[in-house]
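Text of run31.pdb (PDB, C-alpha atoms (C1' of nucleotides)) as supplied:
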```pdb
MODEL        1
ATOM      1  CA  MET A   1      55.938 148.840 100.769  1.00  0.00           C
ATOM      2  CA  GLU A   2      53.057 146.625  99.962  1.00  0.00           C
ATOM      3  CA  LYS A   3      52.739 145.647  96.384  1.00  0.00           C
ATOM      4  CA  LYS A   4      49.493 146.442  94.702  1.00  0.00           C
ATOM      5  CA  ASN A   5      49.488 143.270  92.702  1.00  0.00           C
ATOM      6  CA  ASP A   6      46.106 142.562  94.233  1.00  0.00           C
ATOM      7  CA  PHE A   7      44.556 144.188  91.216  1.00  0.00           C
ATOM      8  CA  PHE A   8      46.139 141.665  88.882  1.00  0.00           C
ATOM      9  CA  GLU A   9      45.215 138.783  91.126  1.00  0.00           C
ATOM     10  CA  GLN A  10      41.661 140.040  91.337  1.00  0.00           C
ATOM     11  CA  VAL A  11      41.472 140.241  87.577  1.00  0.00           C
ATOM     12  CA  TRP A  12      42.864 136.737  87.192  1.00  0.00           C
ATOM     13  CA  GLU A  13      40.456 135.405  89.772  1.00  0.00           C
ATOM     14  CA  VAL A  14      37.467 136.865  87.993  1.00  0.00           C
ATOM     15  CA  VAL A  15      38.683 135.584  84.640  1.00  0.00           C
ATOM     16  CA  LYS A  16      39.112 132.119  86.102  1.00  0.00           C
ATOM     17  CA  LEU A  17      35.537 132.316  87.350  1.00  0.00           C
ATOM     18  CA  ILE A  18      34.232 132.720  83.821  1.00  0.00           C
ATOM     19  CA  PRO A  19      32.149 129.600  83.084  1.00  0.00           C
ATOM     20  CA  TYR A  20      32.750 127.354  80.114  1.00  0.00           C
ATOM     21  CA  SER A  21      31.429 128.653  76.825  1.00  0.00           C
ATOM     22  CA  ARG A  22      31.026 132.147  78.234  1.00  0.00           C
ATOM     23  CA  VAL A  23      32.869 135.415  77.615  1.00  0.00           C
ATOM     24  CA  THR A  24      33.177 138.825  79.240  1.00  0.00           C
ATOM     25  CA  SER A  25      34.734 142.201  78.591  1.00  0.00           C
ATOM     26  CA  TYR A  26      37.660 144.063  80.081  1.00  0.00           C
ATOM     27  CA  GLY A  27      35.438 146.916  81.176  1.00  0.00           C
ATOM     28  CA  ALA A  28      33.029 144.578  82.984  1.00  0.00           C
ATOM     29  CA  ILE A  29      35.875 143.139  85.010  1.00  0.00           C
ATOM     30  CA  ALA A  30      37.306 146.563  85.725  1.00  0.00           C
ATOM     31  CA  ARG A  31      33.921 147.759  86.904  1.00  0.00           C
ATOM     32  CA  TYR A  32      33.409 144.673  89.031  1.00  0.00           C
ATOM     33  CA  LEU A  33      36.696 145.418  90.786  1.00  0.00           C
ATOM     34  CA  GLY A  34      35.429 148.930  91.449  1.00  0.00           C
ATOM     35  CA  THR A  35      37.905 150.508  89.064  1.00  0.00           C
ATOM     36  CA  ALA A  36      35.739 151.468  86.123  1.00  0.00           C
ATOM     37  CA  GLY A  37      37.853 153.034  83.426  1.00  0.00           C
ATOM     38  CA  ALA A  38      40.831 150.862  84.268  1.00  0.00           C
ATOM     39  CA  ALA A  39      39.919 148.449  81.503  1.00  0.00           C
ATOM     40  CA  ARG A  40      43.337 148.985  79.967  1.00  0.00           C
ATOM     41  CA  THR A  41      44.918 147.786  83.165  1.00  0.00           C
ATOM     42  CA  VAL A  42      42.740 144.679  82.969  1.00  0.00           C
ATOM     43  CA  GLY A  43      44.071 144.024  79.502  1.00  0.00           C
ATOM     44  CA  TYR A  44      47.554 144.592  80.809  1.00  0.00           C
ATOM     45  CA  ALA A  45      46.852 142.066  83.557  1.00  0.00           C
ATOM     46  CA  MET A  46      45.960 139.585  80.836  1.00  0.00           C
ATOM     47  CA  ASN A  47      49.270 140.278  79.168  1.00  0.00           C
ATOM     48  CA  ALA A  48      50.927 139.527  82.486  1.00  0.00           C
ATOM     49  CA  SER A  49      48.716 136.484  83.063  1.00  0.00           C
ATOM     50  CA  HIS A  50      51.545 134.306  81.801  1.00  0.00           C
ATOM     51  CA  ARG A  51      53.299 134.872  85.121  1.00  0.00           C
ATOM     52  CA  SER A  52      50.332 133.525  87.034  1.00  0.00           C
ATOM     53  CA  ALA A  53      50.787 130.070  88.516  1.00  0.00           C
ATOM     54  CA  THR A  54      47.434 128.905  87.158  1.00  0.00           C
ATOM     55  CA  GLN A  55      46.280 129.108  83.578  1.00  0.00           C
ATOM     56  CA  ILE A  56      44.142 132.105  82.743  1.00  0.00           C
ATOM     57  CA  PRO A  57      41.417 131.676  80.095  1.00  0.00           C
ATOM     58  CA  ALA A  58      42.291 135.043  78.613  1.00  0.00           C
ATOM     59  CA  HIS A  59      40.591 134.014  75.383  1.00  0.00           C
ATOM     60  CA  ARG A  60      37.260 134.455  77.176  1.00  0.00           C
ATOM     61  CA  VAL A  61      38.009 138.123  77.737  1.00  0.00           C
ATOM     62  CA  LEU A  62      37.132 140.429  74.863  1.00  0.00           C
ATOM     63  CA  ASN A  63      36.412 144.092  74.419  1.00  0.00           C
ATOM     64  CA  ARG A  64      32.910 145.527  74.653  1.00  0.00           C
ATOM     65  CA  ASN A  65      32.336 144.846  70.957  1.00  0.00           C
ATOM     66  CA  GLY A  66      33.094 141.152  71.421  1.00  0.00           C
ATOM     67  CA  MET A  67      36.094 141.579  69.163  1.00  0.00           C
ATOM     68  CA  LEU A  68      39.235 139.505  69.631  1.00  0.00           C
ATOM     69  CA  THR A  69      41.444 142.519  70.208  1.00  0.00           C
ATOM     70  CA  GLY A  70      44.120 140.543  71.991  1.00  0.00           C
ATOM     71  CA  LYS A  71      44.355 137.653  69.591  1.00  0.00           C
ATOM     72  CA  HIS A  72      47.833 138.726  68.556  1.00  0.00           C
ATOM     73  CA  HIS A  73      49.056 138.075  72.070  1.00  0.00           C
ATOM     74  CA  PHE A  74      48.252 134.380  72.015  1.00  0.00           C
ATOM     75  CA  GLY A  75      51.334 133.514  70.055  1.00  0.00           C
ATOM     76  CA  THR A  76      49.364 132.886  66.884  1.00  0.00           C
ATOM     77  CA  ASP A  77      46.438 134.899  65.618  1.00  0.00           C
ATOM     78  CA  ARG A  78      44.157 131.891  65.283  1.00  0.00           C
ATOM     79  CA  LEU A  79      44.868 130.390  68.695  1.00  0.00           C
ATOM     80  CA  MET A  80      42.383 132.628  70.468  1.00  0.00           C
ATOM     81  CA  GLN A  81      39.672 131.915  67.922  1.00  0.00           C
ATOM     82  CA  GLN A  82      40.423 128.205  68.060  1.00  0.00           C
ATOM     83  CA  LEU A  83      40.108 128.199  71.834  1.00  0.00           C
ATOM     84  CA  LEU A  84      36.760 129.976  71.609  1.00  0.00           C
ATOM     85  CA  GLU A  85      35.479 127.674  68.865  1.00  0.00           C
ATOM     86  CA  SER A  86      36.633 124.780  70.993  1.00  0.00           C
ATOM     87  CA  GLU A  87      34.082 125.979  73.551  1.00  0.00           C
ATOM     88  CA  SER A  88      31.241 126.029  71.056  1.00  0.00           C
ATOM     89  CA  ILE A  89      31.648 129.773  70.657  1.00  0.00           C
ATOM     90  CA  VAL A  90      31.187 130.977  67.099  1.00  0.00           C
ATOM     91  CA  VAL A  91      33.742 133.532  65.957  1.00  0.00           C
ATOM     92  CA  GLU A  92      33.224 135.410  62.739  1.00  0.00           C
ATOM     93  CA  ASN A  93      35.529 138.066  61.342  1.00  0.00           C
ATOM     94  CA  ASP A  94      37.381 138.253  64.677  1.00  0.00           C
ATOM     95  CA  ILE A  95      34.077 138.938  66.407  1.00  0.00           C
ATOM     96  CA  VAL A  96      32.134 136.605  68.693  1.00  0.00           C
ATOM     97  CA  VAL A  97      28.660 135.843  67.359  1.00  0.00           C
ATOM     98  CA  ASN A  98      25.811 136.103  69.863  1.00  0.00           C
ATOM     99  CA  PHE A  99      28.156 138.029  72.108  1.00  0.00           C
ATOM    100  CA  ASP A 100      25.159 139.323  74.077  1.00  0.00           C
ATOM    101  CA  GLN A 101      24.016 135.807  74.897  1.00  0.00           C
ATOM    102  CA  LEU A 102      27.482 134.522  75.731  1.00  0.00           C
ATOM    103  CA  PHE A 103      28.335 137.634  77.702  1.00  0.00           C
ATOM    104  CA  TRP A 104      29.022 136.813  81.348  1.00  0.00           C
ATOM    105  CA  ASP A 105      28.799 139.925  83.485  1.00  0.00           C
ATOM    106  CA  PRO A 106      30.478 139.471  86.889  1.00  0.00           C
ATOM    107  CA  ASN A 107      28.457 142.427  88.138  1.00  0.00           C
ATOM    108  CA  LYS A 108      25.290 140.416  87.495  1.00  0.00           C
ATOM    109  CA  GLU A 109      26.381 136.825  88.064  1.00  0.00           C
ATOM    110  CA  LEU A 110      28.513 137.621  91.082  1.00  0.00           C
ATOM    111  CA  PHE A 111      27.739 139.902  93.950  1.00  0.00           C
TER
ATOM    112  C1'  DT B   1      62.125 159.839  89.183  1.00  0.00           C
ATOM    113  C1'  DT B   2      59.628 161.271  84.963  1.00  0.00           C
ATOM    114  C1'  DG B   3      57.400 160.036  80.878  1.00  0.00           C
ATOM    115  C1'  DC B   4      55.397 156.921  77.445  1.00  0.00           C
ATOM    116  C1'  DT B   5      52.865 152.905  76.181  1.00  0.00           C
ATOM    117  C1'  DG B   6      49.181 149.441  76.256  1.00  0.00           C
ATOM    118  C1'  DA B   7      44.793 143.003  74.890  1.00  0.00           C
ATOM    119  C1'  DC B   8      39.969 149.498  76.907  1.00  0.00           C
ATOM    120  C1'  DC B   9      35.820 152.524  77.656  1.00  0.00           C
ATOM    121  C1'  DG B  10      32.950 156.498  77.587  1.00  0.00           C
ATOM    122  C1'  DA B  11      32.179 161.245  76.413  1.00  0.00           C
ATOM    123  C1'  DC B  12      32.336 165.127  73.178  1.00  0.00           C
ATOM    124  C1'  DG B  13      32.001 167.787  68.698  1.00  0.00           C
TER
ATOM    125  C1'  DC C   1      28.989 158.399  61.644  1.00  0.00           C
ATOM    126  C1'  DC C   2      33.793 159.364  62.597  1.00  0.00           C
ATOM    127  C1'  DG C   3      37.852 161.177  64.859  1.00  0.00           C
ATOM    128  C1'  DT C   4      39.843 162.744  69.175  1.00  0.00           C
ATOM    129  C1'  DC C   5      40.753 163.058  74.211  1.00  0.00           C
ATOM    130  C1'  DG C   6      40.960 161.951  79.141  1.00  0.00           C
ATOM    131  C1'  DG C   7      41.176 158.446  82.737  1.00  0.00           C
ATOM    132  C1'  DC C   8      42.480 154.375  85.040  1.00  0.00           C
ATOM    133  C1'  DC C   9      46.916 151.012  86.657  1.00  0.00           C
ATOM    134  C1'  DA C  10      51.326 148.706  85.942  1.00  0.00           C
ATOM    135  C1'  DG C  11      55.874 147.961  83.579  1.00  0.00           C
ATOM    136  C1'  DC C  12      59.989 149.731  81.371  1.00  0.00           C
ATOM    137  C1'  DA C  13      63.901 153.046  79.601  1.00  0.00           C
TER
ENDMDL
END
```

Have the structure of the file written as structure tokens, please.
Amino acid sequence: MEKKNDFFEQVWEVVKLIPYSRVTSYGAIARYLGTAGAARTVGYAMNASHRSATQIPAHRVLNRNGMLTGKHHFGTDRLMQQLLESESIVVENDIVVNFDQLFWDPNKELF
DNA sequence: TTGCTGACCGACG
DNA sequence: CCGTCGGCCAGCA
């Protein structure tokens, strides 16, 4: 039977397409893939991103509030914030400042 | 094989 | 405003 890992690969591909100093949300990616509501699966794909051959900038993927919900999965809690700050992204109280401006919607940018 | 869980989101009361 | 529930997909016991 064919494996449906395409979903994961699609998620990873979109995440890798996120430009520098930009962020997006799990739901936006899920909706872009045509599976709105499967945002949890997108997050799960991030958790499994470690098995991807290429590096996945999972730190650029946040929830709709711009909160670093998955920071605990980066090994250390500050790693995710450090990575974001390293891209000139301001993080305050585990929330990305100017999230609206930094938000990169694949549904808009891509087609 | 069934059932539960998870880095989520939107709707409902 | 806050708490709760259903839905989506994949991995594990």

Could you give me, as a tab-separated table, every chain A residue with an atom at most 9 Å from chain B, plus its closest atom pair and distance in Å to one decimal, counting all atoms listed in the file, rows ordered by chain then number?
```
residue	atom	partner	partner_atom	distance
A:Tyr26	CA	B:DC8	C1'	6.7
A:Gly27	CA	B:DC9	C1'	6.6
A:Ala36	CA	B:DC9	C1'	8.5
A:Gly37	CA	B:DC9	C1'	6.1
A:Ala38	CA	B:DC8	C1'	7.5
A:Ala39	CA	B:DC8	C1'	4.7
A:Arg40	CA	B:DC8	C1'	4.6
A:Thr41	CA	B:DC8	C1'	8.2
A:Val42	CA	B:DC8	C1'	8.2
A:Gly43	CA	B:DA7	C1'	4.8
A:Tyr44	CA	B:DA7	C1'	6.7
A:Ala45	CA	B:DA7	C1'	9.0
A:Met46	CA	B:DA7	C1'	7.0
A:Asn47	CA	B:DA7	C1'	6.8
A:Val61	CA	B:DA7	C1'	8.8
A:Leu62	CA	B:DA7	C1'	8.1
A:Asn63	CA	B:DC8	C1'	6.9
A:Arg64	CA	B:DC9	C1'	8.2
A:Leu68	CA	B:DA7	C1'	8.4
A:Thr69	CA	B:DA7	C1'	5.8
A:Gly70	CA	B:DA7	C1'	3.9
A:Lys71	CA	B:DA7	C1'	7.5
A:His72	CA	B:DA7	C1'	8.2
A:His73	CA	B:DA7	C1'	7.1
```

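Every residue of chain C that lies within 8 Å of chain A is listed here, counting all atoms listed in the file: DG7, DC8, DC9 and DA10 of chain C.
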
Could you work out an axis-aligned box for region 2-13 of chain B, taking every atom the file lists and adding 4 Å on each side, and report centre and edge lengths in Å to one decimal, as AutoDock Vina command-line options?
```
--center_x 45.8 --center_y 155.4 --center_z 76.8 --size_x 35.6 --size_y 32.8 --size_z 24.3
```

**Asked** In Å, with one decimal, what is the gap from CA of Val90 (chain A) to CA of Glu9 (chain A)?
**Response**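 Going from CA of Val90 (chain A) over to CA of Glu9 (chain A), I get 28.9 Å.
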
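Coordinates place CA of Tyr20 (chain A) at a distance of 6.8 Å from CA of Glu87 (chain A).
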
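Taking CA of Glu85 (chain A) and CA of Phe99 (chain A) as endpoints, the distance between them is 13.1 Å.
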
Practice prompt. Run the PyMOL selection byres ((chain A and resi 80) around 10) against the file shown and list the residues it catches, as a list in words.
Written response: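 This file, filtered by the PyMOL selection byres ((chain A and resi 80) around 10), leaves Pro57, Ala58, His59, Arg60, Leu68, Thr69, Gly70, Lys71, His72, His73, Phe74, Gly75, Thr76, Asp77, Arg78, Leu79, Gln81, Gln82, Leu83, Leu84, Glu85, Ser86, Val91 and Asp94 of chain A.
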
Exercise for review: I would like the residues chosen by the PyMOL selection byres ((chain A and resi 95) around 8) on the shown file; could you give them as a list in words?
Suggested key: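 Selected by the PyMOL selection byres ((chain A and resi 95) around 8) here: Asn65, Gly66, Met67, Leu68, Val91, Glu92, Asn93, Asp94, Val96 and Val97 of chain A.
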
Picked residues, the PyMOL selection byres ((chain A and resi 106-110) around 10), as a list in words |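 Written out, the selection comes to Val14, Val15, Leu17, Ile18, Thr24, Ser25, Ala28, Ile29, Ala30, Arg31, Tyr32, Leu33, Phe103, Trp104, Asp105 and Phe111 of chain A.
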
File contents for chain B with C-alpha atoms (C1' of nucleotides) as an mmCIF file, in the first residue's frame:
```cif
data_model
loop_
_atom_site.group_PDB
_atom_site.id
_atom_site.type_symbol
_atom_site.label_atom_id
_atom_site.label_comp_id
_atom_site.auth_asym_id
_atom_site.auth_seq_id
_atom_site.Cartn_x
_atom_site.Cartn_y
_atom_site.Cartn_z
ATOM 1 C "C1'" DT B 1 -7.083 -3.979 15.083
ATOM 2 C "C1'" DT B 2 -8.879 -0.542 18.408
ATOM 3 C "C1'" DG B 3 -8.104 3.356 21.123
ATOM 4 C "C1'" DC B 4 -5.555 7.330 22.913
ATOM 5 C "C1'" DT B 5 -2.547 11.173 22.343
ATOM 6 C "C1'" DG B 6 -0.574 15.346 20.275
ATOM 7 C "C1'" DA B 7 4.073 21.535 18.644
ATOM 8 C "C1'" DC B 8 -3.839 23.146 16.563
ATOM 9 C "C1'" DC B 9 -8.157 25.638 15.122
ATOM 10 C "C1'" DG B 10 -12.848 27.062 15.068
ATOM 11 C "C1'" DA B 11 -17.440 26.862 16.907
ATOM 12 C "C1'" DC B 12 -20.713 26.899 20.760
ATOM 13 C "C1'" DG B 13 -22.895 28.198 25.322
#
```
